[in-house]
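Engineer: query.csv is reproduced below (CSV, C-alpha atoms and all ligand atoms).
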```csv
chain,number,residue,atom,x,y,z
A,178,MET,CA,208.5,179.0,161.4
A,179,LEU,CA,207.2,175.6,162.4
A,180,SER,CA,209.9,173.0,162.8
A,181,LEU,CA,209.7,170.5,160.0
A,182,LEU,CA,209.4,167.6,162.3
A,183,ARG,CA,206.4,169.1,164.2
A,184,LEU,CA,204.9,170.2,160.9
A,185,ALA,CA,205.2,166.7,159.4
A,186,SER,CA,203.7,165.1,162.5
A,187,PHE,CA,200.8,167.6,162.5
A,188,VAL,CA,200.1,166.9,158.8
A,189,VAL,CA,200.1,163.2,159.4
A,190,ALA,CA,197.6,163.7,162.3
A,191,CYS,CA,195.4,165.8,160.0
A,192,LEU,CA,195.5,163.2,157.3
A,193,LEU,CA,194.5,160.5,159.9
A,194,LEU,CA,191.7,162.7,161.2
A,195,ALA,CA,190.5,163.6,157.7
A,196,GLY,CA,190.4,159.9,156.6
A,197,THR,CA,190.8,159.8,152.8
A,198,SER,CA,190.3,163.5,152.2
A,199,THR,CA,193.3,165.6,151.2
A,200,ASN,CA,192.8,168.8,153.2
A,201,ALA,CA,196.0,170.9,152.8
A,202,LEU,CA,197.3,172.5,156.0
A,203,LYS,CA,196.9,176.3,155.7
A,204,ILE,CA,199.0,178.6,157.9
A,205,ILE,CA,198.4,182.4,158.1
A,206,SER,CA,201.2,184.7,159.1
A,207,VAL,CA,202.3,188.3,159.0
A,208,ASN,CA,205.7,189.8,158.0
A,209,ASN,CA,206.4,192.2,160.9
A,210,GLY,CA,207.0,189.7,163.7
A,211,GLU,CA,210.3,189.8,165.6
A,212,VAL,CA,212.7,186.8,165.9
A,213,GLN,CA,213.8,186.2,169.5
A,214,GLY,CA,212.7,183.2,171.5
A,215,ILE,CA,211.5,179.7,170.8
A,216,TRP,CA,208.5,178.5,168.8
A,217,GLY,CA,206.1,176.8,171.1
A,218,LYS,CA,203.9,173.8,170.7
A,219,LEU,CA,201.2,173.9,168.0
A,220,GLU,CA,197.8,173.7,169.8
A,221,VAL,CA,194.6,173.1,167.9
A,222,CYS,CA,190.9,173.3,168.8
A,223,PRO,CA,189.1,169.9,169.2
A,224,ASP,CA,188.0,168.3,165.9
A,225,GLY,CA,185.0,170.0,164.4
A,226,SER,CA,185.3,173.2,166.4
A,227,ALA,CA,186.9,176.6,165.5
A,228,ALA,CA,188.3,179.6,167.4
A,229,ILE,CA,185.5,182.1,168.0
A,230,GLY,CA,187.1,184.5,170.5
A,231,TYR,CA,190.4,185.4,172.2
A,232,GLN,CA,192.0,187.2,175.1
A,233,THR,CA,195.5,188.5,175.6
A,234,GLN,CA,197.8,188.8,178.6
A,235,ASN,CA,199.5,192.2,178.6
A,236,ASP,CA,202.3,193.6,180.9
A,237,GLN,CA,201.0,197.1,181.5
A,238,LEU,CA,203.4,197.9,184.3
A,239,ASP,CA,205.3,201.1,183.5
A,240,VAL,CA,207.6,202.0,186.3
A,241,PRO,CA,211.4,202.7,186.5
A,242,LEU,CA,213.6,199.6,186.3
A,243,HIS,CA,210.8,197.4,185.2
A,244,ASP,CA,211.7,195.4,182.1
A,245,LYS,CA,208.6,195.9,179.9
A,246,THR,CA,207.5,192.9,177.8
A,247,ALA,CA,204.1,194.1,176.5
A,248,LEU,CA,202.1,191.2,174.9
A,249,ASN,CA,202.9,188.0,176.9
A,250,SER,CA,200.2,185.5,175.9
A,251,ILE,CA,197.4,184.8,173.4
A,252,ARG,CA,194.5,182.5,174.3
A,253,LEU,CA,191.9,181.4,171.8
A,254,PHE,CA,188.5,180.0,172.7
A,255,CYS,CA,187.1,177.1,170.7
A,256,ASN,CA,183.4,176.5,170.2
A,257,ASP,CA,183.3,172.9,171.2
A,258,THR,CA,180.8,172.0,174.0
A,259,GLN,CA,183.6,172.2,176.6
A,260,GLY,CA,184.7,175.7,175.5
A,261,THR,CA,188.3,174.5,175.2
A,262,ASN,CA,191.0,177.2,175.2
A,263,ILE,CA,194.4,177.0,173.5
A,264,THR,CA,197.5,179.1,174.0
A,265,SER,CA,200.7,177.5,172.7
A,266,THR,CA,203.6,179.0,174.9
A,267,LEU,CA,202.5,181.4,177.6
A,268,GLY,CA,204.5,184.4,178.7
A,269,ASP,CA,205.2,185.0,182.4
A,270,THR,CA,203.9,188.4,183.3
A,271,GLY,CA,200.9,190.7,182.9
A,272,ILE,CA,197.2,190.8,183.3
A,273,TRP,CA,194.6,188.8,181.3
A,274,GLU,CA,192.5,191.3,179.5
A,275,LEU,CA,188.9,191.2,178.3
A,276,ARG,CA,187.7,188.3,176.2
A,277,LEU,CA,186.4,189.4,172.8
A,278,ASN,CA,184.1,187.2,170.6
A,279,CYS,CA,183.1,187.1,167.0
A,280,PRO,CA,179.4,187.5,166.2
A,281,ALA,CA,177.3,184.3,166.6
A,282,GLY,CA,178.1,181.8,163.9
A,283,GLU,CA,181.4,183.4,162.9
A,284,ALA,CA,185.0,182.5,163.8
A,285,LEU,CA,188.4,184.2,163.8
A,286,SER,CA,189.7,184.5,160.3
A,287,SER,CA,192.8,186.8,159.9
A,288,PHE,CA,195.0,189.0,162.1
A,289,ARG,CA,197.6,191.7,162.4
A,290,LEU,CA,200.2,192.6,165.0
A,291,ARG,CA,201.4,195.8,166.6
A,292,VAL,CA,205.1,195.4,166.9
A,293,GLU,CA,207.9,197.6,168.3
A,294,PRO,CA,210.8,196.8,165.9
A,295,TYR,CA,214.0,195.6,167.6
A,296,ASP,CA,216.4,198.4,168.2
A,297,SER,CA,219.9,197.6,169.7
A,298,ALA,CA,220.1,201.1,171.1
A,299,ASN,CA,216.9,200.6,173.1
A,300,SER,CA,217.6,198.8,176.4
A,301,ASP,CA,213.9,197.9,176.9
A,302,ASN,CA,212.5,196.4,173.7
A,303,THR,CA,209.0,194.8,173.8
A,304,ALA,CA,208.4,193.1,170.4
A,305,VAL,CA,204.7,192.4,169.9
A,306,ASN,CA,202.5,194.9,171.8
A,307,SER,CA,199.0,194.0,170.6
A,308,ILE,CA,196.9,191.8,168.2
A,309,GLN,CA,193.7,192.4,166.2
A,310,PHE,CA,191.6,189.7,164.5
A,311,ASN,CA,189.0,189.9,161.8
A,312,CYS,CA,186.1,187.4,162.0
A,313,THR,CA,184.8,185.4,159.0
A,314,ASP,CA,182.1,188.1,158.5
A,315,GLY,CA,184.8,190.8,158.2
A,316,SER,CA,184.1,192.4,161.6
A,317,LEU,CA,187.1,193.5,163.6
A,318,LEU,CA,188.0,192.4,167.2
A,319,ASN,CA,190.3,194.9,168.9
A,320,TYR,CA,191.5,195.1,172.4
A,321,ASN,CA,194.0,198.0,172.8
A,322,GLY,CA,196.7,196.0,174.6
A,323,ASN,CA,200.1,197.8,174.7
A,324,THR,CA,200.7,200.8,172.5
A,325,ALA,CA,204.4,200.9,171.6
A,326,GLY,CA,205.4,200.2,168.0
A,327,ILE,CA,203.2,200.3,164.9
A,328,TRP,CA,200.4,198.1,163.3
A,329,GLY,CA,201.5,195.9,160.4
A,330,GLU,CA,199.4,194.7,157.6
A,331,PHE,CA,196.7,192.1,158.1
A,332,SER,CA,197.8,188.5,157.2
A,333,ALA,CA,197.7,188.2,153.4
A,334,ASP,CA,195.8,185.0,153.6
A,335,GLN,CA,192.7,184.5,155.7
A,336,CYS,CA,191.0,181.3,157.1
A,337,GLU,CA,187.6,181.2,155.3
A,338,THR,CA,186.2,178.6,157.6
A,339,GLY,CA,188.0,179.9,160.8
A,340,ILE,CA,191.2,179.7,162.7
A,341,CYS,CA,191.7,176.3,164.5
A,342,GLY,CA,195.2,176.5,166.0
A,343,LEU,CA,198.2,178.6,167.0
A,344,GLU,CA,201.9,178.5,167.6
A,345,THR,CA,203.7,181.4,169.4
A,346,LEU,CA,207.3,182.5,169.4
A,347,VAL,CA,208.0,183.6,173.0
A,348,GLN,CA,211.3,184.8,174.5
A,349,PRO,CA,211.6,183.1,177.9
A,350,LEU,CA,212.6,185.0,181.0
A,351,GLY,CA,216.4,185.3,181.0
A,352,GLY,CA,217.1,186.9,184.3
A,353,SER,CA,217.7,190.5,185.4
A,354,LEU,CA,220.4,191.2,182.8
A,355,THR,CA,218.2,190.1,179.8
A,356,ASP,CA,215.9,192.6,178.0
A,357,ASN,CA,212.9,190.3,177.8
A,358,THR,CA,210.3,190.8,175.1
A,359,ALA,CA,207.8,187.8,175.6
A,360,VAL,CA,205.8,187.3,172.4
A,361,ASN,CA,207.8,188.0,169.2
A,362,ASP,CA,205.6,186.4,166.6
A,363,VAL,CA,202.6,184.0,166.1
A,364,VAL,CA,201.2,181.9,163.3
A,365,PHE,CA,197.7,180.5,163.0
A,366,ILE,CA,196.4,177.3,161.4
A,367,CYS,CA,193.1,177.3,159.4
A,368,CYS,CA,190.4,174.7,160.1
B,401,LIG,C1,191.5,177.4,179.9
B,401,LIG,O1,191.5,176.0,180.0
B,401,LIG,C2,192.1,175.5,181.2
B,401,LIG,C3,192.1,174.0,181.1
B,401,LIG,O2,192.9,173.6,180.0
B,401,LIG,C4,191.2,176.0,182.4
B,401,LIG,O3,191.8,175.6,183.6
B,401,LIG,C5,191.1,177.5,182.4
B,401,LIG,O4,190.2,177.9,183.4
B,401,LIG,C6,190.6,178.0,181.0
B,401,LIG,N1,190.7,179.5,181.0
B,401,LIG,C7,189.7,180.2,180.6
B,401,LIG,C8,189.9,181.7,180.8
B,401,LIG,O5,188.6,179.7,180.2
B,402,LIG,C1,182.0,176.5,165.4
B,402,LIG,O1,182.1,177.6,164.5
B,402,LIG,C2,182.3,177.3,163.2
B,402,LIG,C3,182.5,178.6,162.4
B,402,LIG,O2,181.5,179.5,162.7
B,402,LIG,C4,181.1,176.5,162.7
B,402,LIG,O3,181.3,176.1,161.3
B,402,LIG,C5,180.9,175.3,163.5
B,402,LIG,O4,179.7,174.6,163.2
B,402,LIG,C6,180.8,175.6,165.0
B,402,LIG,N1,180.9,174.4,165.8
B,402,LIG,C7,180.2,174.2,166.9
B,402,LIG,C8,180.4,172.9,167.6
B,402,LIG,O5,179.3,175.0,167.2
B,403,LIG,C1,189.4,193.5,158.7
B,403,LIG,O1,188.9,194.6,159.4
B,403,LIG,C2,189.4,195.9,159.0
B,403,LIG,C3,188.8,196.9,159.9
B,403,LIG,O2,187.5,196.8,160.0
B,403,LIG,C4,189.0,196.1,157.5
B,403,LIG,O3,189.5,197.3,157.1
B,403,LIG,C5,189.5,194.9,156.7
B,403,LIG,O4,189.0,195.0,155.4
B,403,LIG,C6,189.1,193.6,157.2
B,403,LIG,N1,189.7,192.6,156.5
B,403,LIG,C7,189.1,191.5,156.1
B,403,LIG,C8,189.9,190.5,155.3
B,403,LIG,O5,187.9,191.3,156.3
```
Mind converting the file's structure to structure tokens?

Structural biologist:
Amino acid sequence: MLSLLRLASFVVACLLLAGTSTNALKIISVNNGEVQGIWGKLEVCPDGSAAIGYQTQNDQLDVPLHDKTALNSIRLFCNDTQGTNITSTLGDTGIWELRLNCPAGEALSSFRLRVEPYDSANSDNTAVNSIQFNCTDGSLLNYNGNTAGIWGEFSADQCETGICGLETLVQPLGGSLTDNTAVNDVVFICC
């Protein structure tokens, strides 16, 4: 999960931003992520904005000798006037897929992951294959992404006022002898 040091510095930053209010940091997660890689930097939308859409980068190449990695990156779009996007750690391969948006006035609120569980007998594991989000009005955003593995449960908690940040667990490229899997897990921070 989040390193304690980074979590502590994020909480301090939140308290500074929030002045005297005591907003608790709320993190939403799922329980079917995988464990390889390094947790990236927590990135958050500019103050006062929320994540209203997303797109993913998927490795769709399926040819002999290619080390499949499936989901490589997740990009969230904030609704500040600049249209800031946030990604935490990016993967290295694949094609950026369609951007999907919540209905007007709504934001991303909960998510689930499609994951191929790690199997030591499989020489080409892929970990996370796809992600779906629910918006604050309950509508579903779904881009098919990669299709190995199975869908887990939606995050038990949801962000009632929207998702505002993310942190990804990504296995970095390790050379031709490594079975790379790119995204292994992700957590989101509520506004
Ligand atoms: C995401 O933001 C970066 C700047 O941080 C920008 O260069 C890039 O074009 C943006 N990507 C999209 C898809 O909006
Ligand atoms: C961004 O979206 C959130 C959630 O829908 C909303 O509360 C907020 O007012 C919006 N902010 C801007 C700058 O449009
Ligand atoms: C998310 O969307 C799915 C599919 O439409 C729906 O079954 C589920 O109830 C929604 N969850 C929430 C928390 O809105």

Engineer: Please provide as JSON, numbers by chain all residues within 12 Å of Gly351 (chain A), with the sequence filter that same-chain residues fewer than 4 positions apart are discarded (counting all atoms listed in the file).

Structural biologist: {"A": [213, 214, 244, 269, 347, 355, 356, 357, 358, 359]}

Engineer: Which residues, written as a ChimeraX atom specification, have at least one atom at most 7 Å from region 295-312 of chain A, with only C-alpha atoms counted and residues fewer than 2 positions away on the same chain left out?

Structural biologist: /A:211,244-248,279,283-293,314-319,321-325,356,358,360-362

Engineer: Nearest to ligand LIG 403 (chain B) among A:Glu274, A:Asp224, A:Glu337, A:Glu344, with distances taken over all atoms listed in the file: which residue is it?

Structural biologist: A:Glu337

Engineer: For a quick check of understanding, using all atoms listed in the file, which of A:Val221, A:Ile204, A:Asn209, A:Leu275 has the smallest distance to Asn235 (chain A)?

Structural biologist: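 Smallest distance to Asn235 (chain A) is found for A:Leu275.
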
Engineer: Neighbouring residues of ligand LIG 401 (chain B) are defined here as those with any atom at most 10 Å from a ligand atom, counting only C-alpha atoms and all ligand atoms; list them as a PDB file with C-alpha atoms, in the coordinates of the input.

Structural biologist:
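What landed in selection_23.pdb:
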```
ATOM      1  CA  TYR A 231     190.400 185.400 172.200  1.00  0.00           C
ATOM      2  CA  GLN A 232     192.000 187.200 175.100  1.00  0.00           C
ATOM      3  CA  ARG A 252     194.500 182.500 174.300  1.00  0.00           C
ATOM      4  CA  LEU A 253     191.900 181.400 171.800  1.00  0.00           C
ATOM      5  CA  PHE A 254     188.500 180.000 172.700  1.00  0.00           C
ATOM      6  CA  CYS A 255     187.100 177.100 170.700  1.00  0.00           C
ATOM      7  CA  GLN A 259     183.600 172.200 176.600  1.00  0.00           C
ATOM      8  CA  GLY A 260     184.700 175.700 175.500  1.00  0.00           C
ATOM      9  CA  THR A 261     188.300 174.500 175.200  1.00  0.00           C
ATOM     10  CA  ASN A 262     191.000 177.200 175.200  1.00  0.00           C
ATOM     11  CA  ILE A 263     194.400 177.000 173.500  1.00  0.00           C
ATOM     12  CA  THR A 264     197.500 179.100 174.000  1.00  0.00           C
ATOM     13  CA  TRP A 273     194.600 188.800 181.300  1.00  0.00           C
ATOM     14  CA  LEU A 275     188.900 191.200 178.300  1.00  0.00           C
ATOM     15  CA  ARG A 276     187.700 188.300 176.200  1.00  0.00           C
TER      16      ARG A 276
END
```

Engineer: Enter the distance from CA of Ala228 (chain A) to CA of Cys368 (chain A), in Å, rounded to one decimal.

Structural biologist: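 Atom-to-atom, CA of Ala228 (chain A) to CA of Cys368 (chain A), that is 9.0 Å.
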
Engineer: Contacts of Leu219 (chain A) at 8 Å or less, counting only C-alpha atoms, minus same-chain residues fewer than 3 places along, as an mmCIF file with C-alpha atoms, in the coordinates of the input?

Structural biologist:
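As a result, selection_38.cif now contains:
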```
data_model
loop_
_atom_site.group_PDB
_atom_site.id
_atom_site.type_symbol
_atom_site.label_atom_id
_atom_site.label_comp_id
_atom_site.auth_asym_id
_atom_site.auth_seq_id
_atom_site.Cartn_x
_atom_site.Cartn_y
_atom_site.Cartn_z
ATOM 1 C CA SER A 265 200.700 177.500 172.700
ATOM 2 C CA GLY A 342 195.200 176.500 166.000
ATOM 3 C CA LEU A 343 198.200 178.600 167.000
ATOM 4 C CA GLU A 344 201.900 178.500 167.600
#
```

Engineer: Enter the distance from atom C3 of ligand LIG 403 (chain B) to CA of Gly217 (chain A), in Å, rounded to one decimal.

Structural biologist: 28.8 Å

Engineer: 8 Å from ligand LIG 402 (chain B) is the threshold here; counting all atoms listed in the file, which polymer residues fall inside it? Answer as a list in words.

Structural biologist: Gly225, Ser226, Ala227, Ala228, Ile229, Cys255, Asn256, Asp257, Thr258, Ala281, Gly282, Glu283, Ala284, Thr313, Thr338 and Gly339 of chain A

Engineer: I need the residues from that last selection saved to file as a JSON list (two decimals), in the frame of the given file (with C-alpha atoms), if you can.

Structural biologist:
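Final file, out.json:
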```json
[["chain", "number", "residue", "atom", "x", "y", "z"],
["A", 225, "GLY", "CA", 185.00, 170.00, 164.40],
["A", 226, "SER", "CA", 185.30, 173.20, 166.40],
["A", 227, "ALA", "CA", 186.90, 176.60, 165.50],
["A", 228, "ALA", "CA", 188.30, 179.60, 167.40],
["A", 229, "ILE", "CA", 185.50, 182.10, 168.00],
["A", 255, "CYS", "CA", 187.10, 177.10, 170.70],
["A", 256, "ASN", "CA", 183.40, 176.50, 170.20],
["A", 257, "ASP", "CA", 183.30, 172.90, 171.20],
["A", 258, "THR", "CA", 180.80, 172.00, 174.00],
["A", 281, "ALA", "CA", 177.30, 184.30, 166.60],
["A", 282, "GLY", "CA", 178.10, 181.80, 163.90],
["A", 283, "GLU", "CA", 181.40, 183.40, 162.90],
["A", 284, "ALA", "CA", 185.00, 182.50, 163.80],
["A", 313, "THR", "CA", 184.80, 185.40, 159.00],
["A", 338, "THR", "CA", 186.20, 178.60, 157.60],
["A", 339, "GLY", "CA", 188.00, 179.90, 160.80]]
```

Engineer: When you draw a straight line from atom C3 of ligand LIG 403 (chain B) to CA of Val212 (chain A), how long is it in Å?

Structural biologist: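 Separating atom C3 of ligand LIG 403 (chain B) from CA of Val212 (chain A) is a distance of 26.6 Å.
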
Engineer: Given only C-alpha atoms and all ligand atoms as the basis, pick out the residue of A:Val363, A:Ile205, A:Ala333, A:Leu346 nearest to ligand LIG 403 (chain B).

Structural biologist: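 Checking each candidate against ligand LIG 403 (chain B), we get A:Ala333 as the closest.
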
Engineer: From the options A:Leu238, A:Leu277, A:Leu350, A:Cys336, which residue's atoms come nearest to ligand LIG 403 (chain B), counting all atoms listed in the file?

Structural biologist: A:Cys336
